[in-house]
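Participant: entry.txt (compact mmCIF, C-alpha atoms) pasted underneath:
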# COMPACT_ATOMS: atom_id res chain seq x y z
CA MET D 232 -69.08 -66.08 94.40
CA ASN D 233 -69.90 -69.76 94.93
CA LYS D 234 -69.38 -72.56 92.42
CA GLN D 235 -73.11 -72.99 91.75
CA PHE D 236 -73.39 -69.38 90.52
CA TRP D 237 -70.58 -69.75 87.98
CA ILE D 238 -72.07 -73.02 86.69
CA PHE D 239 -75.43 -71.25 86.24
CA LEU D 240 -73.77 -68.27 84.52
CA VAL D 241 -71.97 -70.44 81.96
CA LEU D 242 -74.87 -72.80 81.24
CA SER D 243 -77.42 -69.98 80.89
CA GLY D 244 -75.16 -68.31 78.35
CA PHE D 245 -74.98 -71.43 76.17
CA PHE D 246 -78.73 -72.08 76.23
CA ILE D 247 -80.15 -68.54 76.09
CA ALA D 248 -77.67 -66.67 73.90
CA PRO D 249 -78.55 -68.53 70.65
CA LEU D 250 -82.13 -67.26 70.96
CA LEU D 251 -81.13 -63.59 70.95
CA ALA D 252 -80.15 -61.14 68.22
CA ASP D 253 -77.22 -58.71 68.03
CA ASP D 254 -77.38 -55.63 70.21
CA ASN D 255 -77.50 -52.29 68.41
CA LEU D 256 -78.16 -49.64 71.05
CA ALA D 257 -75.04 -47.51 71.05
CA PHE D 258 -74.91 -46.06 74.59
CA THR D 259 -71.60 -46.84 76.32
CA ASN D 260 -68.83 -44.87 78.01
CA LEU D 261 -65.05 -45.00 77.63
CA ARG D 262 -64.44 -46.05 81.23
CA GLN D 263 -66.56 -49.10 80.51
CA LYS D 264 -64.79 -49.74 77.18
CA GLY D 265 -61.33 -49.44 78.74
CA MET D 266 -62.36 -52.08 81.29
CA GLY D 267 -63.38 -54.54 78.60
CA GLY D 268 -67.00 -53.37 78.52
CA ALA D 269 -67.80 -54.47 82.10
CA GLY D 270 -69.83 -52.24 84.42
CA ILE D 271 -73.16 -53.82 85.40
CA ALA D 272 -72.14 -54.13 89.07
CA ARG D 273 -69.97 -51.00 89.41
CA THR D 274 -71.69 -47.99 87.78
CA PHE D 275 -73.02 -45.33 90.17
CA ASP D 276 -73.46 -42.15 88.08
CA SER D 277 -75.67 -41.00 85.20
CA SER D 278 -74.23 -43.84 83.06
CA ALA D 279 -76.31 -46.19 85.22
CA LEU D 280 -79.32 -45.02 83.20
CA TYR D 281 -78.19 -47.31 80.36
CA ILE D 282 -75.82 -49.74 82.14
CA ASN D 283 -77.77 -50.71 85.28
CA PRO D 284 -80.37 -48.34 86.79
CA ALA D 285 -80.04 -50.07 90.18
CA GLY D 286 -76.67 -48.32 90.54
CA LEU D 287 -78.50 -45.00 91.00
CA ALA D 288 -79.23 -46.08 94.59
CA ARG D 289 -75.58 -45.19 95.35
CA ALA D 290 -75.27 -42.17 93.05
CA LYS D 291 -73.84 -38.88 94.25
CA PHE D 292 -75.19 -35.46 93.36
CA SER D 293 -73.91 -34.21 90.00
CA ILE D 294 -74.92 -32.01 87.08
CA ASN D 295 -73.43 -32.79 83.67
CA LEU D 296 -73.51 -29.97 81.10
CA PRO D 297 -73.09 -30.31 77.31
CA LEU D 298 -69.30 -30.20 77.45
CA ARG D 299 -68.51 -33.90 77.01
CA VAL D 300 -67.46 -34.88 73.47
CA ARG D 301 -66.28 -38.31 72.33
CA ALA D 302 -64.96 -39.76 69.07
CA ASP D 303 -64.09 -43.40 68.32
CA VAL D 304 -61.94 -43.91 65.21
CA GLY D 305 -61.28 -47.32 63.67
CA THR D 306 -57.61 -48.27 63.33
CA SER D 307 -58.31 -49.58 59.79
CA PHE D 308 -58.83 -45.95 58.76
CA LEU D 309 -55.70 -44.71 60.50
CA ASP D 310 -53.54 -47.54 59.13
CA LYS D 311 -54.25 -46.54 55.52
CA LEU D 312 -54.05 -42.75 55.70
CA SER D 313 -51.20 -42.69 53.20
CA SER D 314 -53.28 -44.74 50.74
CA TYR D 315 -56.12 -42.22 50.97
CA SER D 316 -53.64 -39.45 50.25
CA ASP D 317 -52.34 -41.31 47.17
CA LEU D 318 -55.91 -41.78 45.95
CA ILE D 319 -56.78 -38.09 46.33
CA ASN D 320 -53.56 -36.87 44.73
CA ALA D 321 -53.60 -39.27 41.75
CA SER D 322 -53.21 -37.33 38.51
CA SER D 323 -54.99 -39.75 36.15
CA LYS D 324 -58.01 -42.05 36.09
CA SER D 325 -55.81 -45.15 35.78
CA GLN D 326 -53.78 -44.11 38.85
CA ARG D 327 -56.96 -43.48 40.83
CA SER D 328 -58.28 -46.92 39.86
CA SER D 329 -54.99 -48.55 40.80
CA ASN D 330 -54.79 -46.76 44.15
CA LEU D 331 -58.44 -47.56 44.92
CA ALA D 332 -57.82 -51.27 44.31
CA LYS D 333 -55.03 -51.19 46.92
CA LEU D 334 -57.55 -50.10 49.54
CA LEU D 335 -60.06 -52.89 48.90
CA PRO D 336 -61.56 -54.50 50.78
CA ILE D 337 -61.70 -52.18 53.78
CA THR D 338 -64.13 -51.35 56.58
CA ILE D 339 -63.99 -47.85 58.06
CA PRO D 340 -65.93 -47.70 61.35
CA PHE D 341 -66.23 -44.69 63.61
CA GLY D 342 -68.36 -43.59 66.53
CA TYR D 343 -69.36 -40.28 68.06
CA ALA D 344 -71.14 -39.07 71.17
CA ILE D 345 -72.15 -36.20 73.40
CA SER D 346 -73.06 -38.38 76.31
CA PRO D 347 -74.68 -36.96 78.27
CA VAL D 348 -75.76 -33.78 76.56
CA LEU D 349 -77.24 -32.83 79.92
CA ALA D 350 -77.84 -34.88 83.05
CA PHE D 351 -78.94 -34.30 86.63
CA THR D 352 -78.19 -37.05 89.14
CA GLN D 353 -78.68 -37.55 92.84
CA GLU D 354 -79.11 -40.57 95.08
CA ASN D 355 -81.92 -42.82 93.73
CA PHE D 356 -82.67 -40.59 90.73
CA SER D 357 -81.26 -39.38 87.41
CA VAL D 358 -82.58 -37.68 84.31
CA GLY D 359 -80.54 -37.00 81.20
CA LEU D 360 -80.35 -36.48 77.46
CA PHE D 361 -77.86 -38.63 75.55
CA CYS D 362 -76.63 -38.55 71.96
CA GLN D 363 -74.49 -41.33 70.56
CA GLY D 364 -74.10 -43.26 67.33
CA ASN D 365 -71.84 -45.13 64.96
CA THR D 366 -71.26 -45.50 61.25
CA SER D 367 -69.55 -48.19 59.19
CA ILE D 368 -68.34 -47.58 55.63
CA LYS D 369 -67.19 -50.51 53.52
CA LEU D 370 -65.39 -50.61 50.17
CA VAL D 371 -65.56 -54.12 48.75
CA ASN D 372 -64.91 -56.11 45.56
CA PRO D 373 -61.69 -54.89 43.83
CA VAL D 374 -63.01 -56.04 40.42
CA SER D 375 -66.23 -53.98 40.58
CA PRO D 376 -65.81 -51.68 43.61
CA GLU D 377 -68.92 -51.20 45.75
CA PHE D 378 -69.59 -48.63 48.45
CA GLN D 379 -71.63 -49.73 51.49
CA MET D 380 -72.68 -47.58 54.42
CA SER D 381 -74.71 -48.34 57.55
CA GLY D 382 -75.15 -46.83 60.97
CA TYR D 383 -77.35 -44.62 63.07
CA THR D 384 -77.48 -41.73 65.50
CA ASP D 385 -79.62 -42.03 68.62
CA ILE D 386 -80.93 -39.08 70.64
CA SER D 387 -82.50 -40.30 73.84
CA PRO D 388 -83.96 -38.60 76.92
CA MET D 389 -83.90 -40.98 79.90
CA ILE D 390 -85.22 -40.96 83.45
CA GLY D 391 -84.29 -43.51 86.09
CA LEU D 392 -85.36 -44.33 89.64
CA SER D 393 -83.84 -46.70 92.17
CA ASP D 394 -84.18 -47.60 95.82
CA THR D 395 -82.76 -50.11 98.28
CA TYR D 396 -84.87 -52.72 100.06
CA THR D 397 -84.20 -55.42 102.62
CA VAL D 398 -85.29 -58.86 101.46
CA ALA D 399 -84.74 -61.80 103.84
CA GLY D 400 -82.06 -59.80 105.62
CA GLN D 401 -80.28 -58.97 102.36
CA LYS D 402 -80.05 -55.42 101.00
CA VAL D 403 -81.10 -55.28 97.35
CA SER D 404 -81.16 -52.18 95.14
CA LEU D 405 -83.80 -52.19 92.41
CA GLY D 406 -84.00 -49.67 89.60
CA ALA D 407 -85.70 -48.90 86.30
CA THR D 408 -85.01 -46.60 83.35
CA LEU D 409 -87.61 -45.24 80.96
CA ARG D 410 -86.24 -43.90 77.66
CA TYR D 411 -87.47 -42.41 74.43
CA VAL D 412 -85.24 -43.18 71.43
CA SER D 413 -85.17 -41.05 68.29
CA ARG D 414 -83.00 -42.77 65.67
CA SER D 415 -81.82 -41.42 62.31
CA ARG D 416 -80.59 -43.84 59.63
CA LEU D 417 -79.37 -43.58 56.07
CA ILE D 418 -81.44 -45.92 53.87
CA ASP D 419 -81.69 -46.73 50.18
CA ALA D 420 -84.75 -46.57 47.92
CA THR D 421 -85.90 -50.05 49.03
CA GLY D 422 -85.88 -49.13 52.73
CA SER D 423 -82.77 -51.23 53.46
CA PHE D 424 -80.67 -50.08 56.43
CA VAL D 425 -77.50 -50.84 54.42
CA TYR D 426 -76.96 -48.30 51.62
CA LYS D 427 -75.12 -49.90 48.68
CA LYS D 428 -73.87 -48.33 45.49
CA GLN D 429 -71.39 -49.24 42.78
CA ILE D 430 -68.60 -46.69 43.07
CA ALA D 431 -68.76 -46.00 39.33
CA ASP D 432 -72.47 -45.20 39.63
CA LEU D 433 -71.91 -43.15 42.78
CA LEU D 434 -69.37 -40.94 41.04
CA ALA D 435 -71.71 -40.51 38.08
CA ASP D 436 -74.81 -39.61 40.14
CA THR D 437 -75.94 -36.05 40.62
CA LYS D 438 -76.51 -34.79 44.16
CA GLN D 439 -80.26 -35.29 43.68
CA ASP D 440 -79.97 -38.84 42.33
CA LEU D 441 -78.21 -40.85 45.03
CA SER D 442 -81.29 -43.02 45.79
CA ALA D 443 -80.66 -42.37 49.49
CA SER D 444 -82.92 -41.04 52.23
CA VAL D 445 -82.78 -40.48 55.96
CA ALA D 446 -85.24 -42.53 58.00
CA ASN D 447 -86.36 -41.19 61.38
CA LEU D 448 -87.50 -43.96 63.72
CA SER D 449 -88.67 -43.58 67.29
CA GLY D 450 -90.04 -45.59 70.18
CA ILE D 451 -90.24 -45.98 73.95
CA GLY D 452 -88.52 -48.64 76.02
CA GLY D 453 -86.48 -49.17 79.13
CA ASP D 454 -84.37 -51.35 81.39
CA VAL D 455 -84.88 -52.86 84.84
CA GLY D 456 -81.99 -53.83 87.08
CA ALA D 457 -80.93 -55.11 90.48
CA MET D 458 -77.75 -54.90 92.52
CA MET D 459 -76.76 -56.35 95.86
CA PRO D 460 -73.61 -56.85 97.93
CA VAL D 461 -72.12 -60.34 97.68
CA GLY D 462 -69.01 -61.10 99.71
CA GLU D 463 -66.59 -58.20 99.28
CA GLY D 464 -68.17 -57.04 96.03
CA ASN D 465 -71.46 -56.47 94.22
CA PHE D 466 -73.62 -58.62 92.00
CA GLY D 467 -75.80 -56.95 89.36
CA ALA D 468 -78.42 -58.06 86.84
CA VAL D 469 -80.24 -56.10 84.13
CA LEU D 470 -82.99 -56.83 81.63
CA TYR D 471 -82.34 -54.52 78.68
CA ASN D 472 -84.61 -53.04 76.00
CA LEU D 473 -88.05 -53.85 77.36
CA GLY D 474 -90.59 -52.80 74.73
CA SER D 475 -87.98 -51.07 72.55
CA SER D 476 -89.65 -51.17 69.15
CA LEU D 477 -88.78 -48.29 66.81
CA SER D 478 -90.91 -47.29 63.84
CA GLY D 479 -91.20 -44.49 61.29
CA GLU D 480 -92.15 -43.52 57.75
CA ALA D 481 -89.65 -43.19 54.89
CA VAL D 482 -89.45 -43.84 51.12
CA GLY D 483 -93.22 -44.34 51.06
CA ARG D 484 -93.31 -47.22 53.54
CA THR D 485 -93.41 -47.99 57.24
CA LEU D 486 -90.05 -49.05 58.67
CA THR D 487 -89.59 -50.89 61.97
CA GLU D 488 -86.61 -51.94 64.05
CA GLN D 489 -86.61 -53.97 67.25
CA LEU D 490 -83.91 -53.35 69.84
CA PRO D 491 -83.26 -56.84 71.23
CA MET D 492 -84.31 -57.60 74.78
CA HIS D 493 -81.54 -59.44 76.60
CA LEU D 494 -80.22 -60.24 80.06
CA GLY D 495 -76.94 -59.00 81.50
CA ILE D 496 -75.34 -60.15 84.76
CA GLY D 497 -72.14 -58.97 86.38
CA TYR D 498 -69.93 -59.09 89.44
CA ALA D 499 -67.44 -56.47 90.66
CA GLN D 500 -64.99 -56.67 93.55
CA PRO D 501 -61.78 -54.98 94.71
CA VAL D 502 -58.86 -57.45 94.75
CA ASN D 503 -55.81 -56.88 96.94
CA LEU D 504 -52.63 -58.21 95.30
CA ASP D 505 -50.36 -57.86 98.36
CA PHE D 506 -50.11 -61.65 98.53
CA ILE D 507 -48.11 -61.70 95.27
CA PRO D 508 -44.37 -61.42 96.02
CA PHE D 509 -42.58 -58.27 94.81
CA VAL D 510 -45.33 -57.11 92.39
CA GLY D 511 -48.24 -57.08 94.84
CA SER D 512 -46.77 -54.51 97.18
CA TYR D 513 -46.46 -52.02 94.31
CA VAL D 514 -49.82 -52.68 92.65
CA GLY D 515 -51.93 -52.89 95.81
CA THR D 516 -55.69 -53.10 95.21
CA LEU D 517 -57.38 -53.37 91.81
CA ASP D 518 -61.04 -52.82 91.04
CA THR D 519 -62.20 -55.81 88.98
CA ALA D 520 -65.43 -56.53 87.09
CA ILE D 521 -66.87 -59.23 84.85
CA ASP D 522 -70.12 -59.09 82.86
CA LEU D 523 -71.99 -61.65 80.81
CA LYS D 524 -74.58 -60.37 78.33
CA LEU D 525 -76.75 -63.16 76.96
CA LEU D 526 -76.94 -61.71 73.50
CA ASN D 527 -74.85 -63.45 70.83
CA ASN D 528 -74.63 -66.95 69.42
CA ASP D 529 -70.88 -67.04 70.02
CA MET D 530 -70.44 -67.42 73.77
CA TYR D 531 -67.12 -65.55 73.77
CA LYS D 532 -68.82 -62.44 72.33
CA ASN D 533 -70.94 -62.27 75.48
CA ILE D 534 -68.06 -61.97 77.97
CA TYR D 535 -66.63 -58.65 79.19
CA MET D 536 -64.07 -58.31 81.97
CA GLY D 537 -61.68 -55.67 83.20
CA VAL D 538 -59.60 -54.04 85.93
CA GLU D 539 -58.98 -50.46 87.03
CA LYS D 540 -56.20 -48.97 89.17
CA LYS D 541 -56.38 -45.43 90.52
CA ILE D 542 -53.09 -43.70 91.32
CA LEU D 543 -52.20 -40.22 92.55
CA GLY D 544 -55.52 -40.15 94.36
CA ASP D 545 -58.21 -39.99 91.70
CA VAL D 546 -56.11 -37.99 89.22
CA LEU D 547 -54.96 -40.93 87.08
CA SER D 548 -56.83 -44.16 86.35
CA LEU D 549 -55.32 -47.05 84.40
CA ARG D 550 -57.62 -49.68 82.89
CA GLY D 551 -57.39 -52.93 80.99
CA GLY D 552 -59.51 -55.94 80.15
CA LEU D 553 -60.96 -58.30 77.59
CA HIS D 554 -63.84 -57.14 75.40
CA GLN D 555 -65.46 -60.08 73.58
CA GLY D 556 -62.12 -61.90 73.86
CA TYR D 557 -60.02 -58.98 72.58
CA PRO D 558 -57.66 -56.97 74.84
CA THR D 559 -58.50 -53.40 75.85
CA LEU D 560 -56.57 -50.51 77.39
CA GLY D 561 -57.87 -47.37 79.06
CA LEU D 562 -56.63 -44.18 80.66
CA SER D 563 -58.31 -41.34 82.51
CA VAL D 564 -56.77 -38.06 83.69
CA ASP D 565 -58.88 -35.92 86.02
CA LEU D 566 -57.55 -32.36 86.46
CA MET D 567 -60.52 -31.02 88.45
CA VAL D 568 -61.92 -28.73 85.74
CA ILE D 569 -61.08 -30.89 82.73
CA LYS D 570 -61.04 -34.65 82.31
CA PHE D 571 -59.52 -36.74 79.54
CA ASN D 572 -60.58 -40.32 78.76
CA TYR D 573 -58.95 -42.72 76.32
CA ALA D 574 -59.74 -46.34 75.43
CA TYR D 575 -58.39 -48.83 72.91
CA TYR D 576 -60.81 -51.67 72.25
CA THR D 577 -61.98 -54.10 69.58
CA GLU D 578 -65.53 -54.87 68.44
CA GLU D 579 -66.37 -58.11 66.65
CA PHE D 580 -68.61 -57.17 63.71
CA GLY D 581 -68.94 -60.80 62.59
CA ALA D 582 -71.04 -63.61 64.01
CA LYS D 583 -68.04 -65.24 65.72
CA LEU D 584 -64.69 -64.14 67.08
CA GLY D 585 -62.14 -63.66 64.34
CA TYR D 586 -64.67 -63.12 61.54
CA GLU D 587 -64.50 -59.30 61.32
CA PRO D 588 -62.79 -57.64 64.29
CA GLN D 589 -62.50 -53.85 64.18
CA SER D 590 -60.26 -51.99 66.61
CA PHE D 591 -60.89 -48.43 67.82
CA HIS D 592 -59.15 -45.56 69.54
CA GLY D 593 -61.73 -43.71 71.64
CA ILE D 594 -61.00 -40.19 72.94
CA GLU D 595 -63.22 -38.06 75.16
CA THR D 596 -62.75 -34.62 76.70
CA VAL D 597 -64.94 -33.39 79.54
CA LEU D 598 -65.20 -29.96 81.17
CA LEU D 599 -66.26 -30.29 84.79
CA PHE D 600 -68.18 -27.82 86.95
Give the structure from this file in structure tokens form.
Facilitator:
Amino acid sequence: MNKQFWIFLVLSGFFIAPLLADDNLAFTNLRQKGMGGAGIARTFDSSALYINPAGLARAKFSINLPLRVRADVGTSFLDKLSSYSDLINASSKSQRSSNLAKLLPITIPFGYAISPVLAFTQENFSVGLFCQGNTSIKLVNPVSPEFQMSGYTDISPMIGLSDTYTVAGQKVSLGATLRYVSRSRLIDATGSFVYKKQIADLLADTKQDLSASVANLSGIGGDVGAMMPVGEGNFGAVLYNLGSSLSGEAVGRTLTEQLPMHLGIGYAQPVNLDFIPFVGSYVGTLDTAIDLKLLNNDMYKNIYMGVEKKILGDVLSLRGGLHQGYPTLGLSVDLMVIKFNYAYYTEEFGAKLGYEPQSFHGIETVLLF
């Protein structure tokens, strides 16, 4: 990549990112998370439907059946398991109150996915059904404890097309994804997407008097992307969430939600480390990738970068990277008929790095046919 490109990439991030809102479309995969969230210029399977549809131009034939299950559990939940046990086993109201105060404040995030539920992919084409979502539970204010809950589950059929063209002697793959999104959210009586309740009131409510409802929102949108070889690697660019406005009826009113349109650009390239004395001869070649998504006001939240090393053929893959400035780790074991994916990563829930980071352990099992 030349110097002019990197100058453009950095400057465009500073000037465009403040105009854009936070992303809230959940579709990702654990390979991407283990590599710091990067993948715009290196995704060539059904995941290209939501990462970069131009990658379908290099896709291989595959059929994914509904045997891929993923769970992402926040470390804040795991770190305080003993405190939850003390709270449950408390023998008196005063002990329960005391043990509850020890937990506050706390955020308990978790994610879940069957992604894809079903997908058919071949060169230049893919169609699939994806289900993925996340939930965040907060307990705040030790003096007057409050329960807060937000999150959503998305079910989305997608279809993508891509092809490769020659423009001024340069091969360029162009692709587009069309998706329908059906989103379910827990809302309160006012239609707010954050359900809040004083814990004392919550415990006193009957099952029929929680002032909570489920909102079903839906809409149609899509992505357009491009990918082309540059030097020894690939450059990719995607415009996400074109026309993705969700709407529905709940609690006697019309609710709307706009999935933010934003630009993502990325570069991926294998890097041979043989030139590094001692270490290089053992490590060999690494697959590297860096993405910039012009999405957040904090520039560092827009940067994703990572590496991957395959060993023992394609049986074992080791991954690492930086996701919004926080380190990530990833592992994949492919045993022909079953595959195991793991990723450790951190999401920044706040407006800037360091405001509200939440770390996750993501685990996925896949049966292959």
Participant: Please compute the CA of Gly479 (chain D)-CA of Thr259 (chain D) distance, one decimal, in Å.
Facilitator: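 Calculated distance between CA of Gly479 (chain D) and CA of Thr259 (chain D) is 24.8 Å.
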Participant: Could you make a table, as a tab-separated table, of the residues of region 454-559 of chain D that have an atom within 7 Å of an atom of region 404-418 of chain D, each with its nearest atom pair and distance in Å to one decimal, counting only C-alpha atoms, in chain and number order?
Facilitator:
residue	atom	partner	partner_atom	distance
D:Asp454	CA	D:Thr408	CA	5.2
D:Val455	CA	D:Ala407	CA	4.3
D:Gly456	CA	D:Gly406	CA	5.3
D:Ala457	CA	D:Leu405	CA	4.5
D:Met458	CA	D:Ser404	CA	5.1
D:Met459	CA	D:Ser404	CA	6.1
Participant: Which of these, D:Lys428, D:Lys524, D:Arg484, D:Lys541, has the shortest distance to Ile271 (chain D) once you count only C-alpha atoms?
Facilitator: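 Between D:Lys428, D:Lys524, D:Arg484, D:Lys541, the residue approaching Ile271 (chain D) most closely is D:Lys524.
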Participant: Which residue gives the smallest distance to Met380 (chain D) among D:Ser478, D:Ser367, D:Asn472, D:Asn528, with only C-alpha atoms counted?
Facilitator: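 Smallest separation from Met380 (chain D) among the options: D:Ser367.
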Participant: When you look at Thr352 (chain D) with a cut-off of 6 Å (counting only C-alpha atoms), what residues show up, excluding the ones that are within fewer than 2 positions of it in the same chain? I need them as a list of chain:residue names.
Facilitator: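 Counting only C-alpha atoms, the residues come to D:Phe292, D:Ser293, D:Phe356, D:Ser357.
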Participant: Do you know which residues are at most 12 Å from Pro340 (chain D) counting only C-alpha atoms, after dropping those on the same chain fewer than 5 positions away, and could you put them as a VMD selection string?
Facilitator: chain D and resid 302 to 309 364 to 370 379 to 383 577 to 580 587 to 593
Participant: Between CA of Val425 (chain D) and CA of Glu377 (chain D), what is the spacing in Å?
Facilitator: 12.2 Å
Participant: Of the candidates D:Gly286, D:Leu549, D:Phe275, D:Leu504, which shows the shortest atom-to-atom distance to Asn572 (chain D), using only C-alpha atoms?
Facilitator: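 Closest candidate: D:Leu549.
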Participant: Report the centre and edge lengths, in Å to one decimal, of an axis-aligned box enclosing every atom of region 401-419 of chain D listed in the file, padded by 8 Å on each side, as JSON.
Facilitator:
{"center_x": -83.5, "center_y": -50.0, "center_z": 76.3, "size_x": 24.2, "size_y": 33.9, "size_z": 68.2}
Participant: Separation of CA of Asn447 (chain D) and CA of Leu477 (chain D), in Å?
Facilitator: 9.3 Å
Participant: Just the residues within 8 Å of Gly359 (chain D), please, counting all atoms listed in the file, with nothing from its chain fewer than 3 positions along; format it as a list in words.
Facilitator: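 After dropping sequence-adjacent residues, the list is Ser277, Pro347, Val348, Leu349, Ala350, Phe351, Pro388, Met389 and Ile390 of chain D.
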Participant: So which residues are close to (-84.1, -45.4, 94.6), meaning at most 7 Å away in the file's coordinates with all atoms listed in the file counted, and can you show them as a list in words?
Facilitator: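 Checked against the point, the hits come out as Leu287, Ala288, Glu354, Asn355, Phe356, Leu392, Ser393, Asp394, Thr395 and Gly406 of chain D.
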Participant: Between D:Thr516, D:Gln555, D:Ser278, D:Asn527, which is the closest to Met492 (chain D) once you count all atoms listed in the file?
Facilitator: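 Using all atoms listed in the file, the shortest distance to Met492 (chain D) belongs to D:Asn527.
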